[in-house]
file run_8.txt (compact mmCIF, C-alpha atoms)
# COMPACT_ATOMS: atom_id res chain seq x y z
CA THR A 29 7.63 -11.48 -26.30
CA TRP A 30 6.89 -11.09 -22.60
CA ARG A 31 4.17 -13.75 -22.84
CA ALA A 32 6.56 -16.20 -24.47
CA ARG A 33 9.10 -15.64 -21.68
CA VAL A 34 6.52 -16.38 -18.99
CA GLU A 35 4.92 -19.40 -20.61
CA CYS A 36 8.01 -21.14 -21.95
CA GLY A 37 9.09 -24.29 -20.17
CA GLY A 38 11.71 -23.71 -17.48
CA CYS A 39 11.32 -19.93 -17.62
CA LYS A 40 13.17 -18.30 -14.70
CA LEU A 41 10.38 -15.85 -13.86
CA GLU A 42 7.76 -18.59 -13.99
CA ALA A 43 9.83 -20.75 -11.65
CA VAL A 44 10.21 -17.87 -9.22
CA LEU A 45 6.46 -17.17 -9.25
CA GLU A 46 5.76 -20.85 -8.54
CA GLY A 47 8.05 -20.79 -5.51
CA LEU A 48 6.85 -17.62 -3.79
CA PRO A 49 5.68 -18.03 -0.18
CA ALA A 50 1.96 -17.92 0.52
CA LEU A 51 0.39 -14.62 1.50
CA VAL A 52 -0.76 -14.66 5.14
CA HIS A 53 -4.32 -13.44 5.77
CA ASP A 54 -4.47 -10.98 8.67
CA HIS A 55 -7.66 -8.92 8.76
CA ARG A 56 -7.87 -6.65 11.80
CA GLY A 57 -11.08 -4.78 12.37
CA ALA A 58 -11.44 -1.51 14.19
CA MET A 59 -14.82 0.00 14.98
CA LEU A 60 -15.99 2.85 12.76
CA PHE A 61 -18.70 4.86 14.40
CA GLY A 62 -22.21 5.85 13.32
CA GLN A 63 -22.60 7.92 10.19
CA ASP A 64 -18.86 7.98 9.64
CA ALA A 65 -19.04 4.36 8.51
CA HIS A 66 -22.18 4.82 6.42
CA ASP A 67 -21.05 7.92 4.56
CA MET A 68 -18.43 5.92 2.70
CA LEU A 69 -19.05 4.49 -0.75
CA ASP A 70 -19.90 0.95 0.29
CA GLY A 71 -19.18 -1.78 2.81
CA LYS A 72 -16.02 -2.75 0.92
CA HIS A 73 -14.31 0.51 1.81
CA VAL A 74 -15.50 0.37 5.41
CA GLN A 75 -13.97 -3.11 5.77
CA GLN A 76 -10.72 -2.05 4.10
CA GLU A 77 -10.28 1.05 6.24
CA SER A 78 -11.25 -0.81 9.40
CA SER A 79 -8.53 -3.38 8.77
CA ILE A 80 -5.90 -0.76 7.92
CA ILE A 81 -6.74 1.13 11.13
CA GLY A 82 -6.52 -2.12 13.08
CA HIS A 83 -3.02 -2.67 11.69
CA ILE A 84 -2.03 0.93 12.46
CA LEU A 85 -3.03 0.44 16.10
CA SER A 86 -1.21 -2.90 16.26
CA VAL A 87 2.01 -1.55 14.75
CA GLY A 88 1.81 1.43 17.10
CA LYS A 89 2.01 -0.89 20.09
CA VAL A 90 5.16 -2.47 18.70
CA HIS A 91 6.90 0.86 18.10
CA GLY A 92 6.41 2.48 21.46
CA SER A 93 3.08 4.23 21.77
CA ALA A 94 1.42 5.34 18.54
CA THR A 95 -1.62 6.60 20.39
CA GLU A 96 -0.16 9.14 22.84
CA ALA A 97 1.44 12.44 21.80
CA SER A 98 2.10 10.91 18.40
CA ALA A 99 2.20 12.02 14.78
CA PHE A 100 0.56 10.24 11.87
CA VAL A 101 1.53 10.80 8.23
CA ASP A 102 -1.13 9.93 5.66
CA PHE A 103 0.57 9.56 2.28
CA CYS A 104 -1.63 9.90 -0.85
CA SER A 105 -4.27 11.10 1.58
CA GLY A 106 -6.86 12.48 -0.83
CA ARG A 107 -9.64 14.09 1.21
CA GLY A 108 -8.24 12.64 4.44
CA THR A 109 -11.07 10.16 5.07
CA LEU A 110 -8.78 7.42 6.42
CA SER A 111 -7.11 9.82 8.86
CA ASP A 112 -10.48 11.18 9.97
CA HIS A 113 -11.70 7.67 10.76
CA LEU A 114 -8.43 6.84 12.54
CA HIS A 115 -8.89 9.95 14.68
CA ILE A 116 -12.45 8.89 15.53
CA VAL A 117 -11.31 5.41 16.58
CA LEU A 118 -8.42 6.72 18.70
CA VAL A 119 -10.62 9.21 20.56
CA ALA A 120 -13.81 7.17 20.93
CA ASP A 121 -12.51 3.61 21.15
CA ARG A 122 -9.05 4.08 22.67
CA ASN A 123 -9.98 7.05 24.87
CA VAL A 124 -7.06 9.14 23.60
CA SER A 125 -7.16 12.91 23.93
CA GLY A 126 -7.77 14.42 20.50
CA GLU A 127 -5.47 17.33 21.34
CA SER A 128 -2.50 14.95 21.67
CA LEU A 129 -2.76 13.75 18.07
CA LYS A 130 -0.93 15.25 15.10
CA PHE A 131 -1.82 14.43 11.48
CA VAL A 132 0.15 15.31 8.34
CA LEU A 133 -1.91 14.72 5.18
CA VAL A 134 0.23 14.44 2.04
CA ASP A 135 -1.14 14.58 -1.49
CA TRP A 136 0.13 16.00 -4.77
CA ALA A 137 -3.30 17.29 -5.77
CA SER A 138 -4.76 20.64 -4.76
CA LEU A 139 -8.09 19.86 -3.10
CA LYS A 140 -10.86 22.25 -2.12
CA ALA A 141 -10.96 22.69 1.64
CA GLY A 142 -14.71 22.10 1.75
CA HIS A 143 -14.23 18.63 0.27
CA CYS A 144 -11.62 17.54 2.81
CA ARG A 145 -11.86 16.19 6.37
CA ASP A 146 -9.18 18.50 7.77
CA GLY A 147 -11.64 21.00 9.25
CA ARG A 148 -13.73 18.36 10.95
CA MET A 149 -10.62 16.81 12.50
CA ARG A 150 -9.44 20.20 13.77
CA SER A 151 -12.87 20.87 15.26
CA LYS A 152 -12.39 17.75 17.36
CA GLY A 153 -9.00 18.90 18.65
CA ALA A 154 -6.56 17.27 16.23
CA HIS A 155 -3.53 19.15 14.96
CA VAL A 156 -3.67 18.83 11.17
CA THR A 157 -1.22 19.98 8.50
CA ARG A 158 -1.86 19.39 4.81
CA VAL A 159 1.19 19.15 2.56
CA GLU A 160 0.73 19.51 -1.19
CA ALA A 161 3.77 17.81 -2.71
CA ASP A 162 5.07 14.97 -4.81
CA ILE A 163 6.25 12.33 -2.33
CA ALA A 164 9.41 11.86 -4.40
CA ASP A 165 10.37 15.46 -3.53
CA LEU A 166 9.03 15.51 0.03
CA CYS A 167 11.32 16.06 3.03
CA LEU A 168 9.39 15.19 6.19
CA ALA A 169 12.05 16.83 8.35
CA ASP A 170 10.87 20.19 6.96
CA VAL A 171 7.33 19.69 8.28
CA PRO A 172 7.09 21.66 11.56
CA LEU A 173 4.43 19.38 13.04
CA LEU A 174 6.85 16.42 12.94
CA ARG A 175 9.71 18.12 14.74
CA GLU A 176 10.45 16.81 18.23
CA THR A 177 7.83 14.07 17.83
CA GLY A 178 9.03 10.78 19.23
CA THR A 179 6.66 8.32 17.57
CA VAL A 180 5.67 8.74 13.94
CA THR A 181 3.41 6.35 12.05
CA GLY A 182 3.07 6.52 8.27
CA TYR A 183 0.31 4.87 6.28
CA THR A 184 -1.50 4.92 2.97
CA LYS A 185 -4.50 3.22 1.43
CA HIS A 186 -3.69 4.09 -2.20
CA ALA A 187 0.05 4.09 -2.91
CA CYS A 188 -0.26 3.74 -6.69
CA GLY A 189 2.65 2.26 -8.62
CA PRO A 190 5.95 4.04 -7.84
CA ALA A 191 4.31 6.01 -5.00
CA THR A 192 4.95 3.05 -2.66
CA ASP A 193 8.68 3.16 -3.46
CA ALA A 194 8.69 6.94 -3.04
CA VAL A 195 7.18 6.55 0.44
CA LEU A 196 9.89 4.05 1.40
CA ARG A 197 12.65 6.43 0.30
CA CYS A 198 10.97 9.42 1.93
CA VAL A 199 10.66 7.67 5.28
CA ALA A 200 14.19 6.23 5.09
CA SER A 201 15.58 9.75 4.62
CA PHE A 202 13.45 11.06 7.49
CA ASP A 203 14.55 8.31 9.87
CA ALA A 204 18.21 8.82 8.95
CA GLY A 205 18.02 12.23 10.59
CA ARG A 206 16.34 10.82 13.71
CA ALA A 207 18.96 8.25 14.70
CA LYS A 208 18.13 8.38 18.42
CA LEU A 209 14.37 8.11 17.93
CA PRO A 210 12.22 5.08 17.04
CA PRO A 211 11.93 4.34 13.30
CA THR A 212 8.74 5.41 11.59
CA ALA A 213 6.15 2.65 11.69
CA LEU A 214 4.77 1.99 8.20
CA ILE A 215 1.50 0.49 6.99
CA LEU A 216 1.27 0.65 3.19
CA ALA A 217 -1.37 -0.64 0.77
CA PRO A 218 0.28 -0.78 -2.68
CA CYS A 219 -1.82 -0.76 -5.83
CA CYS A 220 -1.55 -0.25 -9.60
CA HIS A 221 1.57 -2.41 -9.90
CA HIS A 222 1.50 -2.01 -13.69
CA ARG A 223 2.60 1.60 -13.16
CA CYS A 224 5.78 0.62 -11.33
CA THR A 225 9.08 1.51 -13.00
CA TRP A 226 12.46 -0.16 -12.71
CA ALA A 227 14.19 3.21 -12.20
CA THR A 228 12.16 3.95 -9.03
CA TYR A 229 11.64 0.38 -7.74
CA GLU A 230 13.12 -0.32 -4.29
CA GLY A 231 13.32 -4.10 -4.75
CA LYS A 232 16.17 -4.30 -7.29
CA ALA A 233 18.44 -6.18 -4.86
CA PHE A 234 15.70 -8.75 -4.25
CA PHE A 235 15.28 -9.33 -7.99
CA ALA A 236 19.04 -9.72 -8.37
CA SER A 237 19.13 -12.28 -5.54
CA LEU A 238 16.59 -14.36 -7.47
CA GLY A 239 18.50 -14.07 -10.72
CA LEU A 240 15.84 -11.81 -12.22
CA THR A 241 16.51 -8.79 -14.42
CA SER A 242 14.91 -5.48 -15.33
CA GLU A 243 13.29 -7.32 -18.26
CA ASP A 244 11.66 -9.74 -15.80
CA PHE A 245 10.48 -6.74 -13.78
CA ALA A 246 8.85 -5.25 -16.86
CA THR A 247 7.15 -8.58 -17.54
CA ALA A 248 5.84 -8.85 -13.96
CA ALA A 249 4.51 -5.29 -14.07
CA ALA A 250 2.81 -5.90 -17.44
CA LEU A 251 1.14 -9.10 -16.22
CA SER A 252 -0.05 -7.69 -12.87
CA PRO A 253 -3.38 -6.28 -14.20
CA TRP A 254 -4.48 -9.86 -14.89
CA ALA A 255 -5.09 -10.15 -11.14
CA THR A 256 -8.22 -8.03 -11.59
CA LEU A 257 -9.80 -10.22 -14.29
CA ALA A 258 -11.96 -12.17 -11.85
CA GLU A 259 -13.41 -8.93 -10.42
CA GLN A 260 -13.90 -7.32 -13.82
CA SER A 261 -15.62 -10.28 -15.42
CA LYS A 262 -17.40 -11.67 -12.34
CA GLY A 263 -16.39 -15.13 -13.42
CA ALA A 264 -16.86 -14.77 -17.17
CA GLN A 265 -13.78 -15.70 -19.19
CA HIS A 266 -12.70 -13.06 -21.66
CA ALA A 267 -9.57 -11.83 -23.37
CA LEU A 268 -7.55 -9.04 -21.75
CA SER A 269 -6.33 -6.35 -24.12
CA LEU A 270 -2.65 -6.48 -23.30
CA PRO A 271 0.18 -6.65 -25.84
CA ASP A 272 0.28 -9.90 -27.85
CA ASP A 273 -2.65 -11.37 -25.92
CA LYS A 274 -4.28 -12.75 -29.04
CA GLU A 275 -1.08 -14.04 -30.60
CA ALA A 276 -0.28 -17.75 -30.50
CA LEU A 277 2.48 -18.61 -28.07
CA PRO A 278 5.49 -20.57 -29.28
CA GLY A 279 5.18 -24.10 -28.00
CA GLY A 280 1.70 -23.85 -26.50
CA PRO A 281 -1.77 -22.27 -26.39
CA PRO A 282 -2.56 -18.93 -24.72
CA PRO A 283 -2.92 -19.07 -20.93
CA THR A 284 -6.33 -19.95 -19.54
CA PHE A 285 -8.45 -17.44 -17.65
CA ASP A 286 -7.54 -19.00 -14.28
CA ARG A 287 -3.86 -19.03 -15.23
CA LYS A 288 -4.00 -15.33 -16.10
CA VAL A 289 -5.55 -14.47 -12.73
CA TRP A 290 -2.93 -16.58 -10.95
CA LEU A 291 -0.06 -14.97 -12.86
CA GLY A 292 -1.38 -11.49 -12.14
CA ARG A 293 -1.69 -12.09 -8.42
CA ARG A 294 1.73 -13.74 -8.18
CA CYS A 295 3.37 -10.88 -10.07
CA LYS A 296 1.86 -8.36 -7.62
CA HIS A 297 3.11 -10.55 -4.77
CA LEU A 298 6.61 -10.69 -6.26
CA LEU A 299 6.84 -6.92 -6.65
CA ASP A 300 5.71 -6.35 -3.06
CA LEU A 301 8.11 -8.97 -1.70
CA GLY A 302 10.91 -6.93 -3.26
CA ARG A 303 9.78 -3.92 -1.27
CA LEU A 304 9.57 -6.05 1.87
CA HIS A 305 13.15 -7.16 1.27
CA ALA A 306 14.21 -3.49 1.02
CA LEU A 307 12.53 -2.71 4.36
CA LYS A 308 14.20 -5.69 6.06
CA ALA A 309 17.57 -4.62 4.67
CA ARG A 310 17.31 -1.39 6.66
CA GLY A 311 17.60 -3.50 9.81
CA CYS A 312 15.88 -1.06 12.14
CA PHE A 313 12.41 -2.58 12.41
CA GLU A 314 11.34 -5.07 15.07
CA SER A 315 8.97 -6.69 12.61
CA VAL A 316 8.48 -6.50 8.84
CA ARG A 317 5.60 -8.45 7.28
CA LEU A 318 3.56 -8.70 4.11
CA VAL A 319 -0.05 -9.65 4.82
CA GLN A 320 -3.42 -9.88 3.10
CA TYR A 321 -5.48 -7.34 4.99
CA THR A 322 -8.76 -7.75 3.10
CA THR A 323 -10.56 -10.30 0.94
CA LEU A 324 -12.73 -7.76 -0.89
CA SER A 325 -10.13 -6.47 -3.35
CA VAL A 326 -7.16 -7.78 -5.33
CA GLU A 327 -5.24 -4.82 -3.87
CA ASP A 328 -5.16 -6.70 -0.59
CA ARG A 329 -1.59 -6.53 0.71
CA LEU A 330 0.04 -4.53 3.49
CA PRO A 331 3.86 -4.44 3.84

call {"tool": "encode", "arguments": {"input": "run_8.txt", "output": "structure tokens"}}
result
Amino acid sequence: TWRARVECGGCKLEAVLEGLPALVHDHRGAMLFGQDAHDMLDGKHVQQESSIIGHILSVGKVHGSATEASAFVDFCSGRGTLSDHLHIVLVADRNVSGESLKFVLVDWASLKAGHCRDGRMRSKGAHVTRVEADIADLCLADVPLLRETGTVTGYTKHACGPATDAVLRCVASFDAGRAKLPPTALILAPCCHHRCTWATYEGKAFFASLGLTSEDFATAAALSPWATLAEQSKGAQHALSLPDDKEALPGGPPPTFDRKVWLGRRCKHLLDLGRLHALKARGCFESVRLVQYTTLSVEDRLP
């Protein structure tokens, strides 16, 4: 079983998880103004979005100027709250003209206009286009707002499962047609690693370089929800209803609560390192990093 493979002595996947580099903490705050900060669900989301916006501004400086006559692509945008707050920060904190900013909000769901932030952003001068599409089928070159735009910055707060890999492929295809322009800056917050699939995963070459297989990938994806145990139980140890969890392991007892949490977090880290490897392999970025951008959620990484 997948649990036996992970817990057995000398297991390849277990050895790889033990040897992964530490995740670097890099929280970057950006001011969110007045009611716009308080109308969010709680302080956790304010802190998360503040840090993501801080990273967007930082990456923009590296890739030319992401705050002047620039386009921003919000993948898995939902209502567009993150983009709305980014627009507020750019105009109020960075003194950027709202009319110079272009936003493309991408989501597969059809959302009621009254529930979205698009109208409020437009009322403040931003150029906003909403694209209803599956990212796997999206061609950014077909979006009029992105044509003849030098600097493009893509970001997402909720790139669930294979959506992160779809964003990487989408942007790679877009940049391939813009050879003389700067590559798209990317700030991604992956989540729901248990939904990842081997067929769509961008880190296959990384797994192969470590001697890992598609079976190891399936094991890592299945174990990744264990990372949330500490949040779910608030410290109370309890069994997780995953396959074979209550079965005795050959050669040893079931993993402890702390071991489960550790395995879950390391499996998420491994899957994201594979994506980082895929980005580095493109060879067109000045800097590619995987960082912990928040301490308030287990979905805390930004590649």

call {"tool": "closest_residue", "arguments": {"input": "run_8.txt", "among": "A:Leu196, A:Leu318, A:Cys295, A:Val289", "to": "Leu166 (chain A)", "atoms": "all atoms listed in the file"}}
result
A:Leu196

call {"tool": "atom_distance", "arguments": {"input": "run_8.txt", "atom1": "CA of Asp146 (chain A)", "atom2": "CA of Leu209 (chain A)"}}
result
27.7 Å

call {"tool": "closest_residue", "arguments": {"input": "run_8.txt", "among": "A:Arg145, A:His222, A:Arg310, A:His155", "to": "Arg107 (chain A)", "atoms": "all atoms listed in the file"}}
result
A:Arg145

call {"tool": "residues_around", "arguments": {"input": "run_8.txt", "residues": "region 242-246 of chain A", "least_positions_apart": "6", "cutoff": "12 Å", "atoms": "all atoms listed in the file", "output": "PyMOL selection string"}}
result
chain A and resi 29-34+39-45+221-236+252+295-296+298-300+302

call {"tool": "atom_distance", "arguments": {"input": "run_8.txt", "atom1": "CA of Thr247 (chain A)", "atom2": "CA of Gly292 (chain A)"}}
result
10.5 Å

call {"tool": "atom_distance", "arguments": {"input": "run_8.txt", "atom1": "CA of Val101 (chain A)", "atom2": "CA of Val180 (chain A)"}}
result
7.3 Å

call {"tool": "residues_around", "arguments": {"input": "run_8.txt", "residues": "Cys167 (chain A)", "least_positions_apart": "6", "cutoff": "10 Å", "atoms": "only C-alpha atoms", "output": "PyMOL selection string"}}
result
chain A and resi 161+198-199+201-202

call {"tool": "residues_near_point", "arguments": {"input": "run_8.txt", "point": "(2.1, 12.0, 10.0)", "cutoff": "6 Å", "atoms": "only C-alpha atoms", "output": "tab-separated table (two decimals) with C-alpha atoms, keeping the file's coordinate frame"}}
result
chain	number	residue	atom	x	y	z
A	99	ALA	CA	2.20	12.02	14.78
A	100	PHE	CA	0.56	10.24	11.87
A	101	VAL	CA	1.53	10.80	8.23
A	102	ASP	CA	-1.13	9.93	5.66
A	131	PHE	CA	-1.82	14.43	11.48
A	132	VAL	CA	0.15	15.31	8.34
A	182	GLY	CA	3.07	6.52	8.27

call {"tool": "closest_residue", "arguments": {"input": "run_8.txt", "among": "A:Ala200, A:Ala217, A:Leu133, A:Val87", "to": "Val319 (chain A)", "atoms": "all atoms listed in the file"}}
result
A:Ala217
